[in-house]
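What follows is the content of protein.csv (CSV, C-alpha atoms).
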chain,number,residue,atom,x,y,z
A,259,MET,CA,18.8,-14.5,14.2
A,260,THR,CA,18.0,-17.2,11.7
A,261,GLN,CA,18.8,-15.9,8.3
A,262,ASN,CA,15.9,-16.2,5.9
A,263,LYS,CA,16.7,-18.0,2.6
A,264,ASP,CA,14.3,-17.6,-0.3
A,265,VAL,CA,13.1,-20.8,-1.8
A,266,PRO,CA,15.5,-21.8,-4.6
A,267,ARG,CA,14.0,-21.7,-8.1
A,268,ASN,CA,14.6,-25.4,-8.6
A,269,LYS,CA,12.8,-26.4,-5.4
A,270,ASP,CA,9.6,-28.5,-5.9
A,271,LEU,CA,6.7,-26.3,-4.9
A,272,THR,CA,4.0,-28.6,-6.2
A,273,GLY,CA,3.2,-30.1,-2.7
A,274,ALA,CA,0.1,-28.9,-1.0
A,275,TYR,CA,0.2,-26.0,1.5
A,276,ASP,CA,-2.3,-25.2,4.1
A,277,VAL,CA,-2.1,-21.5,3.1
A,278,VAL,CA,-0.5,-19.6,0.3
A,279,VAL,CA,0.0,-15.9,0.9
A,280,VAL,CA,0.3,-13.8,-2.2
A,281,GLY,CA,2.2,-10.7,-1.4
A,282,GLY,CA,5.2,-10.3,0.9
A,283,GLY,CA,4.6,-6.8,2.3
A,284,ALA,CA,3.6,-5.9,5.9
A,285,ALA,CA,0.2,-7.6,5.5
A,286,GLY,CA,1.5,-10.8,3.9
A,287,LEU,CA,4.4,-11.2,6.3
A,288,SER,CA,2.2,-10.5,9.4
A,289,ALA,CA,-0.2,-13.1,8.2
A,290,ALA,CA,2.6,-15.6,7.5
A,291,LEU,CA,4.0,-15.1,11.0
A,292,VAL,CA,0.7,-16.0,12.6
A,293,LEU,CA,0.2,-19.0,10.3
A,294,GLY,CA,3.7,-20.3,10.9
A,295,ARG,CA,3.2,-20.0,14.7
A,296,SER,CA,0.0,-21.9,14.3
A,297,ARG,CA,1.9,-24.9,12.7
A,298,LEU,CA,0.3,-24.5,9.3
A,299,ARG,CA,2.5,-25.2,6.2
A,300,THR,CA,2.6,-21.7,4.6
A,301,LEU,CA,4.2,-20.3,1.5
A,302,VAL,CA,4.6,-16.6,0.8
A,303,VAL,CA,4.8,-15.6,-2.9
A,304,ASP,CA,6.6,-12.2,-3.1
A,305,ALA,CA,7.0,-10.2,-6.3
A,306,GLY,CA,9.2,-7.7,-4.4
A,307,GLU,CA,7.3,-4.5,-5.3
A,308,PRO,CA,6.3,-2.8,-2.0
A,309,ARG,CA,4.2,0.3,-2.4
A,310,ASN,CA,6.4,2.3,0.0
A,311,ALA,CA,9.7,1.4,-1.7
A,312,PRO,CA,10.3,5.1,-2.8
A,313,SER,CA,10.3,6.2,0.9
A,314,ALA,CA,13.5,6.2,2.9
A,315,HIS,CA,11.7,5.8,6.2
A,316,MET,CA,8.2,4.7,7.4
A,317,GLN,CA,6.6,6.6,10.2
A,318,GLY,CA,3.8,6.2,12.8
A,319,TYR,CA,4.4,2.5,13.5
A,320,LEU,CA,5.0,2.2,17.2
A,321,THR,CA,8.5,0.9,18.0
A,322,ARG,CA,9.4,1.0,14.3
A,323,ASP,CA,9.0,4.8,13.7
A,324,GLY,CA,11.8,5.9,11.3
A,325,MET,CA,12.8,2.5,10.1
A,326,SER,CA,13.4,2.0,6.4
A,327,PRO,CA,10.8,-0.1,4.6
A,328,ALA,CA,13.5,-2.4,3.3
A,329,GLU,CA,14.8,-3.1,6.8
A,330,PHE,CA,11.3,-3.7,8.1
A,331,LEU,CA,10.6,-6.3,5.4
A,332,ALA,CA,14.0,-8.0,5.9
A,333,LEU,CA,13.3,-8.4,9.6
A,334,GLY,CA,9.9,-9.8,8.8
A,335,ARG,CA,11.3,-12.4,6.5
A,336,GLU,CA,13.8,-13.5,9.2
A,337,GLU,CA,10.9,-13.8,11.7
A,338,ILE,CA,8.7,-16.0,9.5
A,339,ALA,CA,11.6,-18.3,8.6
A,340,ARG,CA,11.9,-19.2,12.3
A,341,TYR,CA,8.5,-20.9,12.1
A,342,GLY,CA,9.2,-22.8,8.9
A,343,VAL,CA,7.3,-20.5,6.6
A,344,GLU,CA,8.7,-20.7,3.0
A,345,LEU,CA,9.1,-17.6,0.8
A,346,VAL,CA,9.6,-17.6,-3.0
A,347,ARG,CA,10.5,-14.6,-5.1
A,348,ASP,CA,8.0,-14.9,-7.9
A,349,ARG,CA,4.7,-13.4,-9.1
A,350,ALA,CA,1.3,-15.1,-8.9
A,351,VAL,CA,-0.2,-14.8,-12.4
A,352,ASP,CA,-3.3,-16.9,-12.3
A,353,VAL,CA,-5.5,-18.8,-9.8
A,354,SER,CA,-8.2,-21.4,-10.0
A,355,ARG,CA,-10.3,-23.2,-7.4
A,356,ASP,CA,-11.9,-26.7,-7.2
A,357,ALA,CA,-11.5,-28.5,-3.9
A,358,ASN,CA,-8.4,-26.4,-3.2
A,359,PHE,CA,-6.6,-23.4,-4.8
A,360,ALA,CA,-4.1,-23.7,-7.6
A,361,VAL,CA,-1.9,-20.6,-7.9
A,362,GLY,CA,0.2,-20.3,-11.1
A,363,LEU,CA,3.5,-18.6,-10.8
A,364,ALA,CA,5.4,-16.6,-13.5
A,365,GLY,CA,8.4,-18.9,-13.0
A,366,GLY,CA,6.3,-21.9,-14.3
A,367,GLU,CA,5.4,-23.7,-11.0
A,368,THR,CA,1.9,-24.2,-9.7
A,369,VAL,CA,1.3,-24.2,-6.0
A,370,HIS,CA,-1.7,-25.6,-4.2
A,371,ALA,CA,-3.3,-24.5,-1.0
A,372,ARG,CA,-6.4,-25.1,1.1
A,373,ARG,CA,-6.8,-21.4,1.9
A,374,LEU,CA,-5.5,-18.2,0.2
A,375,ILE,CA,-4.6,-14.7,1.5
A,376,VAL,CA,-4.2,-12.1,-1.2
A,377,THR,CA,-2.1,-9.1,-0.1
A,378,THR,CA,-1.1,-7.8,-3.5
A,379,GLY,CA,-1.7,-4.1,-2.6
A,380,LEU,CA,-2.0,-1.4,-5.1
A,381,ARG,CA,0.1,0.6,-7.6
A,382,ASP,CA,0.4,4.4,-7.5
A,383,GLU,CA,0.1,6.3,-10.8
A,384,LEU,CA,1.7,9.7,-10.3
A,385,PRO,CA,0.6,12.9,-12.0
A,386,ASP,CA,2.4,13.3,-15.4
A,387,VAL,CA,4.5,16.3,-14.5
A,388,PRO,CA,8.2,16.3,-15.2
A,389,GLY,CA,10.2,15.7,-12.0
A,390,VAL,CA,7.4,14.3,-9.9
A,391,ALA,CA,8.3,10.6,-10.3
A,392,GLU,CA,12.0,11.2,-9.8
A,393,ARG,CA,11.4,13.0,-6.4
A,394,TYR,CA,8.5,11.0,-5.1
A,395,GLY,CA,9.1,9.9,-1.6
A,396,ARG,CA,11.7,12.6,-1.0
A,397,ASP,CA,10.2,16.1,-1.3
A,398,VAL,CA,7.3,15.1,-3.5
A,399,LEU,CA,5.0,13.4,-1.0
A,400,HIS,CA,1.4,12.2,-0.7
A,401,CYS,CA,0.6,11.6,3.0
A,402,PRO,CA,1.0,14.1,5.8
A,403,PHE,CA,0.7,11.4,8.4
A,404,CYS,CA,3.6,9.6,6.8
A,405,HIS,CA,5.9,12.6,6.2
A,406,GLY,CA,4.3,15.7,7.7
A,407,TRP,CA,6.5,15.9,10.8
A,408,GLU,CA,9.7,15.6,8.8
A,409,VAL,CA,8.8,18.6,6.6
A,410,ARG,CA,6.9,20.6,9.2
A,411,ASP,CA,6.9,24.4,8.7
A,412,GLU,CA,8.3,24.2,5.2
A,413,ARG,CA,6.8,25.9,2.1
A,414,PHE,CA,4.2,23.4,0.9
A,415,GLY,CA,2.6,23.1,-2.5
A,416,VAL,CA,-0.3,20.9,-3.3
A,417,LEU,CA,-0.8,19.7,-6.9
A,418,ALA,CA,-4.6,19.5,-7.6
A,419,THR,CA,-5.7,16.7,-9.9
A,420,SER,CA,-9.3,16.6,-8.8
A,421,PRO,CA,-11.6,18.7,-6.5
A,422,LEU,CA,-10.6,16.2,-3.7
A,423,SER,CA,-7.2,17.9,-3.7
A,424,VAL,CA,-8.9,20.7,-1.7
A,425,HIS,CA,-9.2,18.2,1.2
A,426,GLN,CA,-5.5,17.3,0.9
A,427,ALA,CA,-4.5,21.0,1.0
A,428,LEU,CA,-6.7,21.6,4.1
A,429,MET,CA,-5.1,18.5,5.8
A,430,VAL,CA,-1.5,19.5,5.2
A,431,SER,CA,-2.2,23.0,6.6
A,432,GLY,CA,-1.9,21.3,10.0
A,433,TRP,CA,1.8,20.9,9.4
A,434,SER,CA,2.6,24.3,7.9
A,435,ASP,CA,1.2,27.8,7.8
A,436,ASP,CA,2.6,28.3,4.2
A,437,VAL,CA,0.5,26.2,1.8
A,438,THR,CA,-0.3,26.9,-1.8
A,439,LEU,CA,-2.9,24.9,-3.8
A,440,PHE,CA,-1.9,24.8,-7.5
A,441,LEU,CA,-5.1,24.0,-9.3
A,442,HIS,CA,-3.2,22.4,-12.2
A,443,THR,CA,-5.9,20.4,-14.1
A,444,VAL,CA,-8.8,21.6,-11.9
A,445,ALA,CA,-10.9,24.6,-12.9
A,446,GLU,CA,-11.7,27.3,-10.3
A,447,ARG,CA,-15.4,26.7,-11.0
A,448,GLU,CA,-15.1,23.1,-9.7
A,449,LEU,CA,-14.4,24.4,-6.2
A,450,SER,CA,-17.5,24.9,-4.1
A,451,ASP,CA,-18.2,27.9,-1.9
A,452,ASP,CA,-17.5,25.8,1.2
A,453,ASP,CA,-14.1,24.8,-0.4
A,454,LEU,CA,-13.2,28.4,-0.9
A,455,ARG,CA,-14.3,29.4,2.6
A,456,ARG,CA,-12.3,26.6,4.2
A,457,LEU,CA,-9.2,27.3,2.1
A,458,ALA,CA,-9.3,31.0,3.1
A,459,ALA,CA,-9.8,30.1,6.8
A,460,ALA,CA,-6.8,27.8,6.6
A,461,GLY,CA,-4.7,30.5,5.0
A,462,VAL,CA,-4.2,28.3,1.9
A,463,LYS,CA,-3.3,30.4,-1.2
A,464,VAL,CA,-5.0,29.2,-4.4
A,465,VAL,CA,-3.1,29.5,-7.7
A,466,PRO,CA,-4.8,28.7,-11.0
A,467,GLY,CA,-2.9,27.4,-14.0
A,468,GLU,CA,-1.2,24.1,-15.0
A,469,VAL,CA,2.1,23.1,-13.4
A,470,ALA,CA,4.6,22.4,-16.2
A,471,ALA,CA,7.6,21.3,-14.2
A,472,LEU,CA,9.4,21.2,-10.9
A,473,ARG,CA,12.4,23.4,-10.1
A,474,VAL,CA,15.3,21.6,-8.5
A,475,GLU,CA,18.6,22.9,-7.3
A,476,ASP,CA,21.4,20.9,-5.7
A,477,ASP,CA,19.1,17.9,-5.7
A,478,ARG,CA,16.4,19.7,-3.7
A,479,LEU,CA,13.0,20.9,-4.7
A,480,THR,CA,12.9,24.7,-4.8
A,481,GLY,CA,9.7,25.4,-6.5
A,482,VAL,CA,7.3,24.8,-9.4
A,483,ARG,CA,7.0,26.4,-12.8
A,484,LEU,CA,3.6,27.0,-14.4
A,485,ALA,CA,2.8,26.7,-18.1
A,486,ASP,CA,2.6,30.4,-18.4
A,487,GLY,CA,6.2,30.7,-17.2
A,488,THR,CA,5.6,32.0,-13.7
A,489,ALA,CA,7.5,30.3,-10.9
A,490,HIS,CA,6.6,29.8,-7.3
A,491,ASP,CA,9.0,28.9,-4.5
A,492,ARG,CA,8.1,25.7,-2.7
A,493,THR,CA,10.3,23.2,-0.8
A,494,VAL,CA,7.7,20.4,-0.6
A,495,LEU,CA,5.0,19.3,-3.0
A,496,PHE,CA,2.1,17.1,-2.1
A,497,VAL,CA,0.4,15.1,-4.8
A,498,ALA,CA,-2.4,12.6,-5.0
A,499,PRO,CA,-1.4,9.5,-6.9
A,500,LYS,CA,-4.2,7.6,-8.7
A,501,ALA,CA,-4.6,4.3,-6.8
A,502,VAL,CA,-4.7,1.2,-9.1
A,503,PRO,CA,-5.8,-1.8,-7.0
A,504,GLN,CA,-4.1,-5.1,-7.9
A,505,THR,CA,-7.2,-7.1,-8.2
A,506,GLY,CA,-6.4,-9.5,-11.0
A,507,LEU,CA,-6.4,-12.6,-8.9
A,508,MET,CA,-9.6,-11.6,-7.2
A,509,GLU,CA,-11.3,-11.0,-10.5
A,510,GLN,CA,-10.2,-14.5,-11.7
A,511,LEU,CA,-11.8,-16.0,-8.7
A,512,GLY,CA,-15.0,-14.0,-9.2
A,513,ALA,CA,-14.8,-12.1,-6.0
A,514,GLU,CA,-17.4,-9.4,-5.4
A,515,LEU,CA,-15.8,-5.9,-5.7
A,516,GLN,CA,-17.2,-2.5,-4.6
A,517,GLU,CA,-16.4,0.8,-6.3
A,518,THR,CA,-14.9,3.6,-4.2
A,519,PRO,CA,-13.5,7.0,-5.1
A,520,PHE,CA,-10.1,5.3,-5.1
A,521,GLY,CA,-10.8,2.2,-7.2
A,522,ALA,CA,-12.6,-1.1,-6.9
A,523,TYR,CA,-11.8,-3.3,-3.9
A,524,PRO,CA,-13.1,-6.7,-2.6
A,525,VAL,CA,-16.1,-6.7,-0.4
A,526,VAL,CA,-14.8,-8.2,2.9
A,527,ASP,CA,-16.0,-9.0,6.4
A,528,PRO,CA,-14.2,-7.6,9.5
A,529,THR,CA,-11.6,-10.4,9.3
A,530,GLY,CA,-10.8,-9.7,5.6
A,531,ARG,CA,-12.8,-12.7,4.3
A,532,THR,CA,-13.9,-12.1,0.7
A,533,SER,CA,-17.0,-13.3,-1.0
A,534,VAL,CA,-15.0,-16.3,-2.3
A,535,PRO,CA,-15.0,-19.1,0.2
A,536,GLY,CA,-11.5,-19.7,1.5
A,537,VAL,CA,-10.0,-16.4,0.3
A,538,TRP,CA,-9.0,-13.5,2.6
A,539,THR,CA,-7.3,-10.2,1.9
A,540,ALA,CA,-5.5,-7.5,3.9
A,541,GLY,CA,-3.5,-4.3,3.4
A,542,ASN,CA,-3.9,-2.1,0.4
A,543,ALA,CA,-5.5,-5.0,-1.5
A,544,MET,CA,-8.6,-4.2,0.5
A,545,GLY,CA,-8.5,-0.4,0.6
A,546,PHE,CA,-6.6,2.7,-0.4
A,547,ALA,CA,-5.9,4.1,3.1
A,548,GLU,CA,-4.3,1.0,4.8
A,549,GLN,CA,-1.0,2.2,6.3
A,550,VAL,CA,1.8,-0.2,7.2
A,551,VAL,CA,0.5,-0.6,10.8
A,552,HIS,CA,-3.0,-1.3,9.5
A,553,ALA,CA,-1.7,-3.8,6.9
A,554,ALA,CA,0.2,-5.7,9.6
A,555,SER,CA,-2.9,-5.7,11.8
A,556,GLY,CA,-5.1,-6.9,8.9
A,557,GLY,CA,-2.7,-9.7,8.0
A,558,TYR,CA,-2.8,-10.9,11.6
A,559,ARG,CA,-6.6,-10.8,11.7
A,560,ALA,CA,-7.0,-12.7,8.4
A,561,ALA,CA,-4.5,-15.3,9.5
A,562,ALA,CA,-6.2,-15.9,12.9
A,563,ALA,CA,-9.5,-16.3,11.1
A,564,ILE,CA,-8.0,-18.8,8.7
A,565,VAL,CA,-6.5,-20.9,11.6
A,566,GLY,CA,-10.0,-21.1,13.2
A,567,ASP,CA,-11.6,-21.9,9.8
A,568,LEU,CA,-9.2,-24.8,9.1
A,569,ILE,CA,-9.5,-26.2,12.6
A,570,MET,CA,-13.3,-26.2,12.5
A,571,SER,CA,-13.3,-27.6,8.9
A,572,ASP,CA,-11.1,-30.5,9.9
A,573,LEU,CA,-13.2,-31.3,12.9
A,574,ASP,CA,-16.4,-31.3,10.8
A,575,THR,CA,-14.7,-33.6,8.3
A,576,ALA,CA,-13.6,-36.0,11.1
A,577,ILE,CA,-17.1,-36.0,12.5
A,578,ALA,CA,-18.6,-36.8,9.1
A,579,GLU,CA,-16.2,-39.7,8.6

Could you rewrite the structure in this file as structure tokens?
Amino acid sequence: MTQNKDVPRNKDLTGAYDVVVVGGGAAGLSAALVLGRSRLRTLVVDAGEPRNAPSAHMQGYLTRDGMSPAEFLALGREEIARYGVELVRDRAVDVSRDANFAVGLAGGETVHARRLIVTTGLRDELPDVPGVAERYGRDVLHCPFCHGWEVRDERFGVLATSPLSVHQALMVSGWSDDVTLFLHTVAERELSDDDLRRLAAAGVKVVPGEVAALRVEDDRLTGVRLADGTAHDRTVLFVAPKAVPQTGLMEQLGAELQETPFGAYPVVDPTGRTSVPGVWTAGNAMGFAEQVVHAASGGYRAAAAIVGDLIMSDLDTAIAE
């Protein structure tokens, strides 16, 4: 395999690219692969902060089930390098548009491109409970589709931070018959009658009171301790991080955003095209629930649309001339 080499910091990046991909996760690398194979000069700007970095393995991706996220990205970088795609370790901090796009990097360079794909993802803000951040991705989890099989039939806890946590508790009951919903910052009166009936039907125990800390022994979660001092044995705790979309570049470009229960995301068409001409997006930059497999698919779709867009644009220019 060709070994990928990141673009050196002293390399001149001021030449024009066909496409700049901002974000080097599954969506960005998938897009870059398609663009490189389409003979377009492409640059990936990668800040190196994948959302799934805390997880030891990623699941549910056909032929890649159980692979570590780091290995997945390393293989992706090797693949795009075969097709001449360049990758620079840097952060895109600003962007402007006239005839083309100018992307300013934290390292001081400005790169130019005819089209732009923004795959900057989102950042998870975890509940402020001692021990949660340290164990996130291990036995503090957020997604049963990502981790449910690995922890099946264990003693689950669900940390409620909004009434939507009821849905999370009901969902994870598909992987264990022993589920406790800790209401934490949610008052019992905030649960509807339908919520209570469904929780009872699923066998989910509801415990009021704020969770003060996690109990850990021999580097394993053993339970949670409430503010009143009571302790509950649990070996897995599901939480719902607050999603913070990384939309700074989109906002600079004036892209139309739409509010969702999980933050504001760009309005896009089925290919990921935003309201800004020449700008596409994919992965968690366009929605909260985009898993790795969805992100890779979205990157492919966006790249294919850009290839067609550039070909038709160049043909129209040639006809006009």

Quick one, how far is atom CA of Leu441 of chain A from atom CA of Ala418 of chain A? 4.8 Å

Give me, as a Markdown table, the closest atom pair and its distance (Å, one decimal) for every residue of segment 352-412 of chain A within a cut-off of 12 Å of segment 529-536 of chain A, counting only C-alpha atoms, rows sorted by chain and rising number.
| residue | atom | partner | partner_atom | distance |
| --- | --- | --- | --- | --- |
| A:Ser354 | CA | A:Val534 | CA | 11.5 |
| A:Arg355 | CA | A:Gly536 | CA | 9.6 |
| A:Asp356 | CA | A:Pro535 | CA | 11.1 |
| A:Ala357 | CA | A:Gly536 | CA | 10.3 |
| A:Asn358 | CA | A:Gly536 | CA | 8.8 |
| A:Phe359 | CA | A:Gly536 | CA | 8.8 |
| A:Ala371 | CA | A:Gly536 | CA | 9.8 |
| A:Arg372 | CA | A:Gly536 | CA | 7.4 |
| A:Arg373 | CA | A:Gly536 | CA | 5.0 |
| A:Leu374 | CA | A:Gly536 | CA | 6.3 |
| A:Ile375 | CA | A:Gly536 | CA | 8.5 |
| A:Val376 | CA | A:Gly530 | CA | 9.8 |
| A:Thr377 | CA | A:Gly530 | CA | 10.4 |

For a quick check of understanding, using all atoms listed in the file, which of A:Ala332, A:Ala274, A:Leu298, A:Met544 has the smallest distance to Ile569 of chain A?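 Residue with the minimum atom-to-atom distance to Ile569 of chain A: A:Leu298.
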
Give me, as an mmCIF file with C-alpha atoms, in the frame of the given file, all polymer residues having an atom no more than 10 Å from Asp486 of chain A, counting all atoms listed in the file and skipping those fewer than 2 positions away in the same chain.
data_model
loop_
_atom_site.group_PDB
_atom_site.id
_atom_site.type_symbol
_atom_site.label_atom_id
_atom_site.label_comp_id
_atom_site.auth_asym_id
_atom_site.auth_seq_id
_atom_site.Cartn_x
_atom_site.Cartn_y
_atom_site.Cartn_z
ATOM 1 C CA GLY A 467 -2.900 27.400 -14.000
ATOM 2 C CA GLU A 468 -1.200 24.100 -15.000
ATOM 3 C CA VAL A 469 2.100 23.100 -13.400
ATOM 4 C CA ALA A 470 4.600 22.400 -16.200
ATOM 5 C CA ARG A 483 7.000 26.400 -12.800
ATOM 6 C CA LEU A 484 3.600 27.000 -14.400
ATOM 7 C CA THR A 488 5.600 32.000 -13.700
ATOM 8 C CA ALA A 489 7.500 30.300 -10.900
#

If you count all atoms listed in the file, which residues fall within 6 Å of Leu301 of chain A, apart from same-chain ones fewer than 3 positions away, as an MDAnalysis selection string? chainID A and resid 278 343:345

With a distance cut-off of 7 Å and all atoms listed in the file, select the neighbouring residues of Gly521 of chain A, excluding the residue or stretch itself and same-chain residues fewer than 3 positions from it, and output the selection as number ranges by chain. A: 501-503, 517-518

Which distance in Å separates atom CA of Asp397 of chain A and atom CA of Val430 of chain A, to one decimal?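 Atom CA of Val430 of chain A lies 13.8 Å from atom CA of Asp397 of chain A.
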
Find the residue from A:Val474, A:Leu454, A:Leu422, A:Ala576 that sits nearest to Lys500 of chain A; use only C-alpha atoms when measuring.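 For Lys500 of chain A, the nearest of the candidates is A:Leu422.
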
Compile the contact shell of Gly286 of chain A as a PyMOL selection string: residues with an atom at most 9 Å away, counting only C-alpha atoms, same-chain residues fewer than 5 positions apart removed. chain A and resi 279-281+291+302-304+375-378+540-541+553-554+557-558

Atom CA of Arg299 of chain A to atom CA of Leu320 of chain A, straight-line distance in Å: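 Atom CA of Leu320 of chain A sits 29.6 Å away from atom CA of Arg299 of chain A.
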
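For the choices A:Arg447, A:Arg455, A:Arg413, A:Arg349, the atom-to-atom distance to Asp491 of chain A is smallest for A:Arg413 when using all atoms listed in the file.
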
So, counting only C-alpha atoms, which residue among A:Leu428, A:Leu399, A:Val390, A:Ala445 is closest to Ala471 of chain A?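 With only C-alpha atoms as the atom set, the closest residue is A:Val390.
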
Shortest contact to His400 of chain A, candidates A:Phe496, A:Tyr275, A:Trp433, A:Phe414, atoms counted only C-alpha atoms, goes to A:Phe496

Which residues come within 12 Å of Pro402 of chain A, counting all atoms listed in the file, excluding same-chain residues fewer than 2 positions away, as a PyMOL selection string? chain A and resi 316-318+395+397-400+404-410+414+416+425-434+494-498

Given all atoms listed in the file as the counted atoms, nearest of A:Gly415, A:Gly362, A:Gly512, A:Gly481 to Val464 of chain A: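 Under the stated criterion, the closest residue is A:Gly415.
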
Each residue of segment 280-374 of chain A with at least one atom at most 9 Å from segment 507-510 of chain A should appear once, together with its nearest atom pair and the corresponding distance in Å (one decimal); atoms considered: all atoms listed in the file; ordering: chain, then increasing residue number; output as CSV.
residue,atom,partner,partner_atom,distance
A:Ala350,CA,A:Leu507,CA,8.1
A:Val351,CA,A:Leu507,CA,7.5
A:Asp352,CA,A:Leu507,CA,6.3
A:Val353,CA,A:Leu507,CA,6.3
A:Ser354,CA,A:Gln510,CA,7.4

Emit the selected residues as an mmCIF file, in the coordinates of the input, including C-alpha atoms.
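Writing the result to out-v9.cif gives the following:
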data_model
loop_
_atom_site.group_PDB
_atom_site.id
_atom_site.type_symbol
_atom_site.label_atom_id
_atom_site.label_comp_id
_atom_site.auth_asym_id
_atom_site.auth_seq_id
_atom_site.Cartn_x
_atom_site.Cartn_y
_atom_site.Cartn_z
ATOM 1 C CA ALA A 350 1.300 -15.100 -8.900
ATOM 2 C CA VAL A 351 -0.200 -14.800 -12.400
ATOM 3 C CA ASP A 352 -3.300 -16.900 -12.300
ATOM 4 C CA VAL A 353 -5.500 -18.800 -9.800
ATOM 5 C CA SER A 354 -8.200 -21.400 -10.000
#

Mind rebuilding segment 512-530 of chain A with N, CA and C atoms and writing that out as a compact mmCIF listing (two decimals), keeping the file's coordinate frame?
# COMPACT_ATOMS: atom_id res chain seq x y z
N GLY A 512 -13.62 -14.49 -9.21
CA GLY A 512 -15.00 -14.00 -9.20
C GLY A 512 -15.41 -13.35 -7.91
N ALA A 513 -14.46 -12.75 -7.21
CA ALA A 513 -14.80 -12.10 -6.00
C ALA A 513 -15.63 -10.83 -6.22
N GLU A 514 -16.53 -10.56 -5.31
CA GLU A 514 -17.40 -9.40 -5.40
C GLU A 514 -16.50 -8.13 -5.09
N LEU A 515 -16.55 -7.13 -5.96
CA LEU A 515 -15.80 -5.90 -5.70
C LEU A 515 -16.79 -4.74 -5.53
N GLN A 516 -16.33 -3.72 -4.83
CA GLN A 516 -17.20 -2.50 -4.60
C GLN A 516 -16.37 -1.30 -5.11
N GLU A 517 -17.04 -0.41 -5.82
CA GLU A 517 -16.40 0.80 -6.30
C GLU A 517 -16.28 1.82 -5.21
N THR A 518 -15.11 2.48 -5.17
CA THR A 518 -14.90 3.60 -4.20
C THR A 518 -14.25 4.73 -5.02
N PRO A 519 -14.14 5.92 -4.42
CA PRO A 519 -13.50 7.00 -5.10
C PRO A 519 -12.01 6.70 -5.46
N PHE A 520 -11.46 5.62 -4.89
CA PHE A 520 -10.10 5.30 -5.10
C PHE A 520 -9.89 3.91 -5.75
N GLY A 521 -10.89 3.49 -6.51
CA GLY A 521 -10.80 2.20 -7.20
C GLY A 521 -11.75 1.18 -6.66
N ALA A 522 -11.74 0.02 -7.28
CA ALA A 522 -12.60 -1.10 -6.90
C ALA A 522 -11.84 -2.06 -5.99
N TYR A 523 -12.42 -2.39 -4.83
CA TYR A 523 -11.80 -3.30 -3.90
C TYR A 523 -12.73 -4.40 -3.48
N PRO A 524 -12.19 -5.54 -3.02
CA PRO A 524 -13.10 -6.70 -2.60
C PRO A 524 -13.99 -6.30 -1.49
N VAL A 525 -15.17 -6.83 -1.53
CA VAL A 525 -16.10 -6.70 -0.40
C VAL A 525 -15.61 -7.76 0.64
N VAL A 526 -15.41 -7.30 1.87
CA VAL A 526 -14.80 -8.20 2.90
C VAL A 526 -15.64 -8.04 4.20
N ASP A 527 -15.48 -9.06 5.07
CA ASP A 527 -16.00 -9.00 6.40
C ASP A 527 -14.94 -8.40 7.34
N PRO A 528 -15.21 -8.24 8.63
CA PRO A 528 -14.20 -7.60 9.50
C PRO A 528 -12.88 -8.36 9.60
N THR A 529 -12.83 -9.64 9.21
CA THR A 529 -11.60 -10.40 9.30
C THR A 529 -10.82 -10.32 7.93
N GLY A 530 -11.41 -9.70 6.90
CA GLY A 530 -10.80 -9.70 5.60
C GLY A 530 -11.26 -10.79 4.68
